[in-house]
Amino acid sequence: MVILVTGANGQLGQALQSISGTYLGIDFVFCPSSALDITSLEHCQLVFSTYRPSFCINAAAYTAVDKAESEPEKAHLINAVGAENLAKVCKENDTILIHISTDFIFDGTLNRPYLETDLPNPTGVYGLTKLQGEQAIQANWEKHYIIRTSWVYSQYGTNFLKTMLRLAAERDQLSVVSDQIGTPTNAIDLAEALIKIVDYYNAELVSASNYGIYNFSNEGYCSWYDFANEIFLQKAISIDLKPIPTLAYPTPAKRPAYSVLDKSKIKHTFNIAIKEWQTSLAECLNQL
Ligand SMILES: NC(=O)c1ccc[n+]([C@@H]2O[C@H](COP(=O)([O-])OP(=O)(O)OC[C@H]3O[C@@H](n4cnc5c(N)ncnc54)[C@H](OP(=O)(O)O)[C@@H]3O)[C@@H](O)[C@H]2O)c1
């Protein structure tokens, strides 16, 4: 069985690469953007005709949340048109599409974890284009799993964890926003959950009625300040860390104040046990 992974050099793509060796029955085809540009339908068709994948994991995305505000066309092309292209080519090849979406499709005004059925209302261009990507998939190909995740970090690429460690090496004092609440997600845990979905499907433990949207992050919740504090605690880094309100750290994109995701659906459907975010953070720090 072949799983084709787009955006293979991103955080999730590299996390999938790092665990791929443990799944002996699966042939992974890892396509970085240079090997497969998802904004070109013809390019997608060519690559799919070569590999004929049973599954496609779309780890490709435009993820620069603030930059998207000044590059809306580019964000739309990758996050919405790219997702639509993949849905179309998956339909042509009867390939199951596993697509990754985001907590930033929500406006963050709820006071309980978001369910898959809650109404999206993105506050910025990134979230809007990711929502348009979800909608394009839903309109074009029913054999899909859309996995919404949040606050992804890893030993790969650029992310909050690595930024905090870099800044701590450069400064004695750091201020981090304490009024945005969400849940960090170790990209390795996300990657393993995606392969569990494939395994469950192949073992015929799920049916067609299980296609659709699922939430996945680590367990628990925290603010960005709490996340930074835990990083420094676990690494025994001594730094003067100050909590600040979002208002004191203006960014081009407005972010949801609360975007904790309810994971009941994915846990029950695919029998996935999810680690607490602090436990997974420790595992990632051990890899760095
Ligand atoms: N990072 C987060 O905090 C976060 C939170 C919630 C949801 N998500 C979602 O999780 C998924 C994975 O995120 P990530 O953090 O792994 O992203 P990432 O590290 O930014 O990687 C994205 C990858 O997409 C590739 N890409 C960009 N344009 C492309 C195109 N036209 N065709 C093919 N590939 C293209 C990039 O390749 P180049 O580098 O060559 O351009 C990059 O390797 C995304 O869907 C993202 O929206 C992420």
# chains A, B, ... in the order shown; residues from 1 in each chain; ligands from 1
>>> select_by_dssp(residues="range 39-283 of chain A", states="strand (DSSP E or B)", output="PyMOL selection string")
chain A and resi 55-58+96-102+114+144-149+152-153+173-177+181-182+185-186+212-215+219+222-223+240-244+258+261+276
>>> select_by_dssp(residues="range 23-223 of chain A", states="alpha helix (DSSP H)", output="ChimeraX atom specification")
/A:41-51,72-76,82-93,125-140,160-170,187-202
>>> write_last_selection(atoms="C-alpha atoms", output="compact mmCIF listing (two decimals), in the first residue's frame")
# COMPACT_ATOMS: atom_id res chain seq x y z
CA LEU A 41 -3.69 20.16 -10.88
CA GLU A 42 -1.66 18.83 -13.82
CA HIS A 43 1.36 18.30 -11.58
CA CYS A 44 -0.79 16.44 -9.04
CA GLN A 45 -2.23 14.26 -11.82
CA LEU A 46 1.23 13.42 -13.14
CA VAL A 47 2.59 12.43 -9.72
CA PHE A 48 -0.52 10.42 -8.83
CA SER A 49 -0.38 8.55 -12.16
CA THR A 50 3.18 7.48 -11.28
CA TYR A 51 2.52 6.27 -7.72
CA PRO A 72 -3.97 36.48 0.80
CA GLU A 73 -3.79 35.29 -2.82
CA LYS A 74 -0.79 33.07 -2.13
CA ALA A 75 -2.37 31.66 1.04
CA HIS A 76 -5.60 30.97 -0.88
CA GLY A 82 -4.15 23.21 -3.46
CA ALA A 83 -6.60 21.29 -1.26
CA GLU A 84 -9.19 21.33 -4.05
CA ASN A 85 -6.65 20.01 -6.56
CA LEU A 86 -5.78 17.15 -4.25
CA ALA A 87 -9.45 16.32 -3.69
CA LYS A 88 -9.98 16.18 -7.46
CA VAL A 89 -6.94 14.03 -8.17
CA CYS A 90 -7.80 11.75 -5.22
CA LYS A 91 -11.26 11.26 -6.73
CA GLU A 92 -9.75 10.44 -10.14
CA ASN A 93 -7.52 7.80 -8.50
CA VAL A 125 -6.63 35.10 6.23
CA TYR A 126 -4.79 31.91 7.21
CA GLY A 127 -7.82 30.49 9.04
CA LEU A 128 -10.15 31.58 6.25
CA THR A 129 -8.08 29.91 3.51
CA LYS A 130 -7.75 26.74 5.59
CA LEU A 131 -11.54 26.69 6.02
CA GLN A 132 -11.95 27.18 2.25
CA GLY A 133 -9.61 24.19 1.78
CA GLU A 134 -11.84 22.05 4.02
CA GLN A 135 -14.92 23.16 2.08
CA ALA A 136 -13.29 22.45 -1.29
CA ILE A 137 -12.48 18.91 -0.16
CA GLN A 138 -15.99 18.33 1.16
CA ALA A 139 -17.45 19.55 -2.16
CA ASN A 140 -15.20 17.42 -4.37
CA PHE A 160 7.18 28.20 19.12
CA LEU A 161 9.31 25.68 21.03
CA LYS A 162 12.40 26.35 18.95
CA THR A 163 11.80 30.09 19.00
CA MET A 164 11.59 30.08 22.82
CA LEU A 165 14.84 28.10 23.11
CA ARG A 166 16.59 30.48 20.69
CA LEU A 167 15.33 33.60 22.48
CA ALA A 168 16.30 32.17 25.88
CA ALA A 169 19.85 31.77 24.59
CA GLU A 170 19.91 35.42 23.50
CA ALA A 187 4.02 16.66 15.29
CA ILE A 188 5.16 13.09 16.00
CA ASP A 189 1.93 12.35 17.92
CA LEU A 190 -0.09 13.83 15.06
CA ALA A 191 1.85 11.75 12.52
CA GLU A 192 1.23 8.56 14.53
CA ALA A 193 -2.49 9.37 14.81
CA LEU A 194 -2.71 9.77 11.02
CA ILE A 195 -1.14 6.36 10.43
CA LYS A 196 -3.50 4.86 13.04
CA ILE A 197 -6.38 6.13 10.90
CA VAL A 198 -4.87 4.38 7.86
CA ASP A 199 -4.39 1.17 9.88
CA TYR A 200 -7.97 1.27 11.14
CA TYR A 201 -9.29 1.82 7.65
CA ASN A 202 -7.24 -1.03 6.21
>>> residues_near_ligand(ligand="ligand 1", cutoff="8 Å", atoms="only C-alpha atoms and all ligand atoms", output="MDAnalysis selection string")
chainID A and resid 6:14 31:40 58:64 77:79 82 99:104 130 148:153 156:159 185 187
>>> atom_distance(atom1="CA of Asp226 in chain A", atom2="CA of Leu174 in chain A")
12.7 Å
>>> closest_atom_pairs(of="range 137-194 of chain A", to="range 282-288 of chain A", cutoff="8 Å", atoms="only C-alpha atoms", output="Markdown table")
| residue | atom | partner | partner_atom | distance |
| --- | --- | --- | --- | --- |
| A:Ser154 | CA | A:Cys284 | CA | 6.5 |
| A:Gln155 | CA | A:Leu288 | CA | 5.8 |
| A:Asn186 | CA | A:Cys284 | CA | 7.3 |
>>> closest_residue(among="A:Val2, A:Val65, A:Trp141, A:Pro256", to="Pro120 in chain A", atoms="only C-alpha atoms")
A:Pro256
>>> atom_distance(atom1="CA of Ile96 in chain A", atom2="CA of Pro122 in chain A")
26.6 Å
>>> closest_residue(among="A:Asp66, A:Glu219, A:Asp172, A:Glu71", to="Gly124 in chain A", atoms="only C-alpha atoms")
A:Asp66
>>> residues_around(residues="Trp224 in chain A", least_positions_apart="3", cutoff="7 Å", atoms="only C-alpha atoms", output="JSON, numbers by chain")
{"A": [176, 177, 178, 180, 227, 228]}
>>> write_last_selection(atoms="N, CA and C atoms", output="short mmCIF file (atom, residue, chain, number, x, y, z; two decimals), in the first residue's frame")
data_model
loop_
_atom_site.label_atom_id
_atom_site.label_comp_id
_atom_site.auth_asym_id
_atom_site.auth_seq_id
_atom_site.Cartn_x
_atom_site.Cartn_y
_atom_site.Cartn_z
N VAL A 176 5.64 36.81 27.18
CA VAL A 176 4.86 35.92 26.32
C VAL A 176 3.37 36.07 26.66
N VAL A 177 2.57 36.02 25.61
CA VAL A 177 1.12 36.24 25.74
C VAL A 177 0.47 35.17 26.64
N SER A 178 -0.34 35.62 27.57
CA SER A 178 -0.93 34.68 28.53
C SER A 178 -2.45 34.59 28.43
N GLN A 180 -4.15 33.84 25.44
CA GLN A 180 -4.60 32.96 24.34
C GLN A 180 -4.42 31.52 24.84
N PHE A 227 3.07 27.53 28.13
CA PHE A 227 3.86 26.65 27.25
C PHE A 227 5.34 27.02 27.39
N ALA A 228 5.62 28.32 27.29
CA ALA A 228 7.02 28.77 27.42
C ALA A 228 7.57 28.41 28.79
#
>>> closest_residue(among="A:Ser175, A:Thr123, A:Ser20, A:Thr183", to="Ile239 in chain A", atoms="only C-alpha atoms")
A:Ser175
